[in-house]
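With mmCIF, C-alpha atoms; chains and numbers go by the auth columns inside, this is my_file.cif:
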```
data_target
loop_
_atom_site.group_PDB
_atom_site.id
_atom_site.type_symbol
_atom_site.label_atom_id
_atom_site.label_comp_id
_atom_site.label_asym_id
_atom_site.label_seq_id
_atom_site.Cartn_x
_atom_site.Cartn_y
_atom_site.Cartn_z
_atom_site.B_iso_or_equiv
_atom_site.auth_seq_id
_atom_site.auth_asym_id
ATOM 1 C CA SER A 1 -65.599 -191.067 17.876 0.00 178 A
ATOM 2 C CA ARG A 2 -68.813 -189.853 19.394 0.00 179 A
ATOM 3 C CA ASN A 3 -67.501 -190.526 22.920 0.00 180 A
ATOM 4 C CA ARG A 4 -64.683 -188.043 22.497 0.00 181 A
ATOM 5 C CA ARG A 5 -65.311 -184.550 23.709 0.00 182 A
ATOM 6 C CA GLU A 6 -63.060 -182.383 21.589 0.00 183 A
ATOM 7 C CA ILE A 7 -62.593 -179.045 23.230 0.00 184 A
ATOM 8 C CA GLN A 8 -60.299 -176.511 21.686 0.00 185 A
ATOM 9 C CA PHE A 9 -59.149 -173.512 23.619 0.00 186 A
ATOM 10 C CA SER A 10 -56.625 -170.740 23.375 0.00 187 A
ATOM 11 C CA ARG A 11 -54.511 -169.217 26.123 0.00 188 A
ATOM 12 C CA ARG A 12 -55.324 -165.754 24.740 0.00 189 A
ATOM 13 C CA GLU A 13 -58.239 -165.357 27.197 0.00 190 A
ATOM 14 C CA SER A 14 -55.764 -165.558 30.099 0.00 191 A
ATOM 15 C CA GLY A 15 -53.224 -163.243 28.508 0.00 192 A
ATOM 16 C CA GLY A 16 -51.304 -166.008 26.732 0.00 193 A
ATOM 17 C CA ASP A 17 -50.605 -166.614 23.081 0.00 194 A
ATOM 18 C CA ASP A 18 -52.937 -167.838 20.342 0.00 195 A
ATOM 19 C CA THR A 19 -51.846 -171.492 20.545 0.00 196 A
ATOM 20 C CA VAL A 20 -54.875 -173.765 20.337 0.00 197 A
ATOM 21 C CA TYR A 21 -54.973 -176.924 22.425 0.00 198 A
ATOM 22 C CA THR A 22 -57.303 -179.879 22.148 0.00 199 A
ATOM 23 C CA SER A 23 -58.669 -182.029 24.942 0.00 200 A
ATOM 24 C CA TRP A 24 -58.074 -185.701 24.196 0.00 201 A
ATOM 25 C CA ALA A 25 -60.535 -186.849 26.843 0.00 202 A
ATOM 26 C CA TYR A 26 -62.741 -189.757 25.847 0.00 203 A
ATOM 27 C CA GLY A 27 -65.751 -190.767 27.913 0.00 204 A
ATOM 28 C CA GLY A 28 -65.432 -194.324 29.201 0.00 205 A
ATOM 29 C CA ALA A 29 -61.635 -194.471 28.891 0.00 206 A
ATOM 30 C CA LEU A 30 -59.553 -196.601 31.240 0.00 207 A
ATOM 31 C CA THR A 31 -56.177 -195.884 32.774 0.00 208 A
ATOM 32 C CA GLY A 32 -53.219 -197.751 31.357 0.00 209 A
ATOM 33 C CA SER A 33 -51.566 -198.013 28.020 0.00 210 A
ATOM 34 C CA GLY A 34 -51.824 -200.398 25.142 0.00 211 A
ATOM 35 C CA SER A 35 -55.496 -201.302 25.215 0.00 212 A
ATOM 36 C CA THR A 36 -56.884 -202.030 21.778 0.00 213 A
ATOM 37 C CA LEU A 37 -60.454 -201.556 23.000 0.00 214 A
ATOM 38 C CA ALA A 38 -62.435 -198.403 22.268 0.00 215 A
ATOM 39 C CA PRO A 39 -62.350 -195.759 23.597 0.00 216 A
ATOM 40 C CA PRO A 40 -58.585 -195.199 23.641 0.00 217 A
ATOM 41 C CA ASP A 41 -57.047 -195.570 27.087 0.00 218 A
ATOM 42 C CA ILE A 42 -55.319 -192.648 28.758 0.00 219 A
ATOM 43 C CA GLY A 43 -51.886 -193.821 27.658 0.00 220 A
ATOM 44 C CA LEU A 44 -53.006 -193.617 24.040 0.00 221 A
ATOM 45 C CA GLN A 45 -54.623 -190.236 24.663 0.00 222 A
ATOM 46 C CA ILE A 46 -51.258 -188.959 25.948 0.00 223 A
ATOM 47 C CA GLU A 47 -49.655 -190.392 22.806 0.00 224 A
ATOM 48 C CA PHE A 48 -52.210 -188.437 20.721 0.00 225 A
ATOM 49 C CA LEU A 49 -51.127 -185.310 22.586 0.00 226 A
ATOM 50 C CA ARG A 50 -47.461 -186.060 21.849 0.00 227 A
ATOM 51 C CA THR A 51 -48.041 -186.612 18.137 0.00 228 A
ATOM 52 C CA THR A 52 -50.448 -183.736 17.473 0.00 229 A
ATOM 53 C CA GLN A 53 -49.233 -180.803 19.577 0.00 230 A
ATOM 54 C CA THR A 54 -46.128 -178.896 18.580 0.00 231 A
ATOM 55 C CA GLU A 55 -46.170 -177.075 21.921 0.00 232 A
ATOM 56 C CA MET A 56 -47.193 -178.814 25.126 0.00 233 A
ATOM 57 C CA PRO A 57 -49.642 -177.170 27.487 0.00 234 A
ATOM 58 C CA HIS A 58 -48.233 -175.837 30.756 0.00 235 A
ATOM 59 C CA THR A 59 -50.860 -177.717 32.787 0.00 236 A
ATOM 60 C CA ALA A 60 -52.691 -180.987 32.266 0.00 237 A
ATOM 61 C CA VAL A 61 -55.645 -182.362 34.198 0.00 238 A
ATOM 62 C CA LEU A 62 -55.697 -186.100 34.857 0.00 239 A
ATOM 63 C CA TRP A 63 -59.056 -187.360 36.077 0.00 240 A
ATOM 64 C CA ALA A 64 -58.881 -191.113 35.892 0.00 241 A
ATOM 65 C CA GLY A 65 -59.746 -194.388 37.557 0.00 242 A
ATOM 66 C CA VAL A 66 -63.533 -194.221 37.826 0.00 243 A
ATOM 67 C CA ASN A 67 -64.168 -196.418 34.796 0.00 244 A
ATOM 68 C CA ASN A 68 -61.560 -198.909 35.993 0.00 245 A
ATOM 69 C CA LEU A 69 -63.195 -199.226 39.412 0.00 246 A
ATOM 70 C CA ILE A 70 -66.698 -199.572 37.987 0.00 247 A
ATOM 71 C CA GLY A 71 -65.344 -202.384 35.819 0.00 248 A
ATOM 72 C CA GLY A 72 -63.747 -204.138 38.808 0.00 249 A
ATOM 73 C CA GLY A 73 -60.207 -202.797 38.321 0.00 250 A
ATOM 74 C CA SER A 74 -57.560 -202.946 41.021 0.00 251 A
ATOM 75 C CA PRO A 75 -57.007 -199.732 43.013 0.00 252 A
ATOM 76 C CA GLU A 76 -53.270 -200.444 43.118 0.00 253 A
ATOM 77 C CA ALA A 77 -53.126 -200.849 39.330 0.00 254 A
ATOM 78 C CA ILE A 78 -54.954 -197.533 38.904 0.00 255 A
ATOM 79 C CA VAL A 79 -52.401 -195.720 41.083 0.00 256 A
ATOM 80 C CA ALA A 80 -49.556 -197.382 39.134 0.00 257 A
ATOM 81 C CA ASP A 81 -51.158 -196.338 35.832 0.00 258 A
ATOM 82 C CA ILE A 82 -51.587 -192.755 37.008 0.00 259 A
ATOM 83 C CA THR A 83 -47.913 -192.744 38.006 0.00 260 A
ATOM 84 C CA ASP A 84 -47.032 -193.818 34.464 0.00 261 A
ATOM 85 C CA HIS A 85 -49.320 -191.150 32.990 0.00 262 A
ATOM 86 C CA VAL A 86 -47.783 -188.376 35.097 0.00 263 A
ATOM 87 C CA ASN A 87 -44.280 -189.536 34.110 0.00 264 A
ATOM 88 C CA ALA A 88 -45.309 -189.534 30.434 0.00 265 A
ATOM 89 C CA LEU A 89 -46.737 -186.007 30.696 0.00 266 A
ATOM 90 C CA ALA A 90 -43.578 -184.804 32.460 0.00 267 A
ATOM 91 C CA ALA A 91 -41.444 -186.335 29.691 0.00 268 A
ATOM 92 C CA LEU A 92 -43.441 -184.307 27.158 0.00 269 A
ATOM 93 C CA GLY A 93 -42.630 -181.084 28.978 0.00 270 A
ATOM 94 C CA VAL A 94 -45.890 -180.508 30.828 0.00 271 A
ATOM 95 C CA GLU A 95 -44.947 -178.456 33.890 0.00 272 A
ATOM 96 C CA ALA A 96 -47.974 -179.055 36.127 0.00 273 A
ATOM 97 C CA VAL A 97 -50.524 -181.838 36.451 0.00 274 A
ATOM 98 C CA VAL A 98 -53.733 -181.640 38.423 0.00 275 A
ATOM 99 C CA VAL A 99 -54.641 -185.167 39.542 0.00 276 A
ATOM 100 C CA VAL A 100 -58.312 -185.361 40.509 0.00 277 A
ATOM 101 C CA ASN A 101 -59.450 -187.765 43.228 0.00 278 A
ATOM 102 C CA VAL A 102 -61.908 -190.521 42.425 0.00 279 A
ATOM 103 C CA VAL A 103 -65.408 -189.439 43.430 0.00 280 A
ATOM 104 C CA PRO A 104 -67.415 -191.474 45.991 0.00 281 A
ATOM 105 C CA LEU A 105 -68.733 -194.095 43.592 0.00 282 A
ATOM 106 C CA GLU A 106 -70.741 -195.895 46.259 0.00 283 A
ATOM 107 C CA HIS A 107 -73.360 -193.148 45.775 0.00 284 A
ATOM 108 C CA ILE A 108 -73.836 -193.454 42.014 0.00 285 A
ATOM 109 C CA PRO A 109 -77.167 -194.898 40.816 0.00 286 A
ATOM 110 C CA LEU A 110 -75.490 -198.128 39.715 0.00 287 A
ATOM 111 C CA LEU A 111 -74.507 -198.877 43.318 0.00 288 A
ATOM 112 C CA VAL A 112 -77.282 -197.225 45.306 0.00 289 A
ATOM 113 C CA ALA A 113 -79.475 -200.254 44.575 0.00 290 A
ATOM 114 C CA ALA A 114 -76.614 -202.692 45.261 0.00 291 A
ATOM 115 C CA THR A 115 -76.085 -204.599 48.490 0.00 292 A
ATOM 116 C CA PRO A 116 -74.484 -202.784 51.398 0.00 293 A
ATOM 117 C CA SER A 117 -71.416 -205.006 51.069 0.00 294 A
ATOM 118 C CA ALA A 118 -71.025 -204.038 47.382 0.00 295 A
ATOM 119 C CA ARG A 119 -71.224 -200.349 48.304 0.00 296 A
ATOM 120 C CA ASP A 120 -68.709 -200.900 51.123 0.00 297 A
ATOM 121 C CA LEU A 121 -66.307 -202.630 48.713 0.00 298 A
ATOM 122 C CA MET A 122 -66.545 -199.736 46.270 0.00 299 A
ATOM 123 C CA GLU A 123 -66.051 -197.179 49.036 0.00 300 A
ATOM 124 C CA SER A 124 -62.949 -199.073 50.164 0.00 301 A
ATOM 125 C CA ALA A 125 -61.600 -199.211 46.591 0.00 302 A
ATOM 126 C CA VAL A 126 -62.171 -195.468 46.091 0.00 303 A
ATOM 127 C CA ASN A 127 -60.444 -194.699 49.401 0.00 304 A
ATOM 128 C CA THR A 128 -57.504 -196.934 48.448 0.00 305 A
ATOM 129 C CA VAL A 129 -57.011 -195.071 45.155 0.00 306 A
ATOM 130 C CA ASN A 130 -57.339 -191.639 46.746 0.00 307 A
ATOM 131 C CA GLU A 131 -55.010 -192.490 49.632 0.00 308 A
ATOM 132 C CA GLY A 132 -52.514 -193.980 47.185 0.00 309 A
ATOM 133 C CA LEU A 133 -52.585 -190.759 45.168 0.00 310 A
ATOM 134 C CA ARG A 134 -52.228 -188.633 48.301 0.00 311 A
ATOM 135 C CA LEU A 135 -49.089 -190.553 49.294 0.00 312 A
ATOM 136 C CA LEU A 136 -47.711 -190.722 45.760 0.00 313 A
ATOM 137 C CA LEU A 137 -47.968 -187.126 44.599 0.00 314 A
ATOM 138 C CA PRO A 138 -45.205 -185.534 46.747 0.00 315 A
ATOM 139 C CA ALA A 139 -42.630 -188.179 45.757 0.00 316 A
ATOM 140 C CA LEU A 140 -43.719 -188.093 42.130 0.00 317 A
ATOM 141 C CA SER A 141 -43.465 -184.305 42.055 0.00 318 A
ATOM 142 C CA SER A 142 -39.950 -184.538 43.434 0.00 319 A
ATOM 143 C CA SER A 143 -38.827 -187.211 40.963 0.00 320 A
ATOM 144 C CA THR A 144 -40.323 -185.530 37.881 0.00 321 A
ATOM 145 C CA GLY A 145 -39.713 -181.900 38.800 0.00 322 A
ATOM 146 C CA ILE A 146 -43.266 -180.943 37.909 0.00 323 A
ATOM 147 C CA SER A 147 -45.948 -179.404 40.068 0.00 324 A
ATOM 148 C CA LEU A 148 -48.588 -181.946 41.092 0.00 325 A
ATOM 149 C CA GLN A 149 -51.847 -181.046 42.754 0.00 326 A
#
```
Translate the structure of the given file into structure tokens.
Amino acid sequence: SRNRREIQFSRRESGGDDTVYTSWAYGGALTGSGSTLAPPDIGLQIEFLRTTQTEMPHTAVLWAGVNNLIGGGSPEAIVADITDHVNALAALGVEAVVVVNVVPLEHIPLLVAATPSARDLMESAVNTVNEGLRLLLPALSSSTGISLQ
């Protein structure tokens, strides 16, 4: 798919072994699992990781939710999906997950020209996701035994 940015890297540069890992990140992907729409959602991307890597990476980066919010998705559903994604990565043996906050979408070109109330709604949605993640991560780290940042 032309939306997929395949990035292969080796841990050799940081003193590790020669194992090569691939990024399964697809531009435009949504959180969740089971979507039959393209690009593959993050749940399916994690499944790709499970079925293609013989050794799991120590650390994964999960930057998700922006596309959901732009499409009108629920902040609460995004936090629930990210919880599921972290649990799935932990089950695969990933030891650390960096969960990136949603950026302030009210400042993107799509919304700069929107009404003030539309920008306020997006700002509120972004804050709800980020606050949900802030509250979730300590408990999720405790329940999964992995490092979450």
### Task
List the residues selected by the PyMOL selection byres ((chain A and resi 224-237) around 9) in the file shown, writing them as number ranges by chain.
A: 196, 198-201, 219-223, 238-239, 265-266, 269-276, 324
So that each row is one residue of range 202-261 of chain A with an atom at most 12 Å from range 301-304 of chain A, can you give its shortest atom pair and the distance in Å to one decimal, using all atoms listed in the file, rows by chain and rising number, as JSON lines?
```
{"residue": "A:Ala241", "atom": "CA", "partner": "A:Val303", "partner_atom": "CA", "distance": 11.6}
{"residue": "A:Gly242", "atom": "CA", "partner": "A:Val303", "partner_atom": "CA", "distance": 8.9}
{"residue": "A:Val243", "atom": "CA", "partner": "A:Val303", "partner_atom": "CA", "distance": 8.5}
{"residue": "A:Asn244", "atom": "CA", "partner": "A:Val303", "partner_atom": "CA", "distance": 11.5}
{"residue": "A:Asn245", "atom": "CA", "partner": "A:Ala302", "partner_atom": "CA", "distance": 10.6}
{"residue": "A:Leu246", "atom": "CA", "partner": "A:Ala302", "partner_atom": "CA", "distance": 7.4}
{"residue": "A:Ile247", "atom": "CA", "partner": "A:Ala302", "partner_atom": "CA", "distance": 10.0}
{"residue": "A:Gly248", "atom": "CA", "partner": "A:Ala302", "partner_atom": "CA", "distance": 11.8}
{"residue": "A:Gly249", "atom": "CA", "partner": "A:Ala302", "partner_atom": "CA", "distance": 9.5}
{"residue": "A:Gly250", "atom": "CA", "partner": "A:Ala302", "partner_atom": "CA", "distance": 9.1}
{"residue": "A:Ser251", "atom": "CA", "partner": "A:Ala302", "partner_atom": "CA", "distance": 7.8}
{"residue": "A:Pro252", "atom": "CA", "partner": "A:Ala302", "partner_atom": "CA", "distance": 5.8}
{"residue": "A:Glu253", "atom": "CA", "partner": "A:Ala302", "partner_atom": "CA", "distance": 9.1}
{"residue": "A:Ala254", "atom": "CA", "partner": "A:Ala302", "partner_atom": "CA", "distance": 11.3}
{"residue": "A:Ile255", "atom": "CA", "partner": "A:Ala302", "partner_atom": "CA", "distance": 10.3}
{"residue": "A:Val256", "atom": "CA", "partner": "A:Val303", "partner_atom": "CA", "distance": 11.0}
```
### Query
Which residue gives the smallest distance to Ala257 in chain A among A:Val277, A:Leu325, A:Ala316, A:Leu310, with only C-alpha atoms counted?
A:Leu310
### Query
Closest to Asn278 in chain A among A:Val306, A:Leu312, A:Leu207, A:Ala202, using all atoms listed in the file?
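Among A:Val306, A:Leu312, A:Leu207, A:Ala202, it is A:Val306 that comes nearest to Asn278 in chain A.
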#### Entry: Straight-line distance linking CA of Val279 in chain A with CA of Thr305 in chain A, stated in Å to one decimal
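Interatomic distance, CA of Val279 in chain A to CA of Thr305 in chain A: 9.8 Å.
Each of A:Pro293, A:Gly309, A:Pro217, A:Pro286 was checked against Ile259 in chain A using all atoms listed in the file; the smallest atom-to-atom distance is that of A:Gly309.
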### Task
Would you mind reading off the distance between CA of Trp240 in chain A and CA of Thr321 in chain A, one decimal, in Å?
18.9 Å
### Query
For Glu300 in chain A, which of A:Pro315, A:Leu288, A:Ala215, A:Leu282 is the closest residue, counting all atoms listed in the file?
A:Leu282
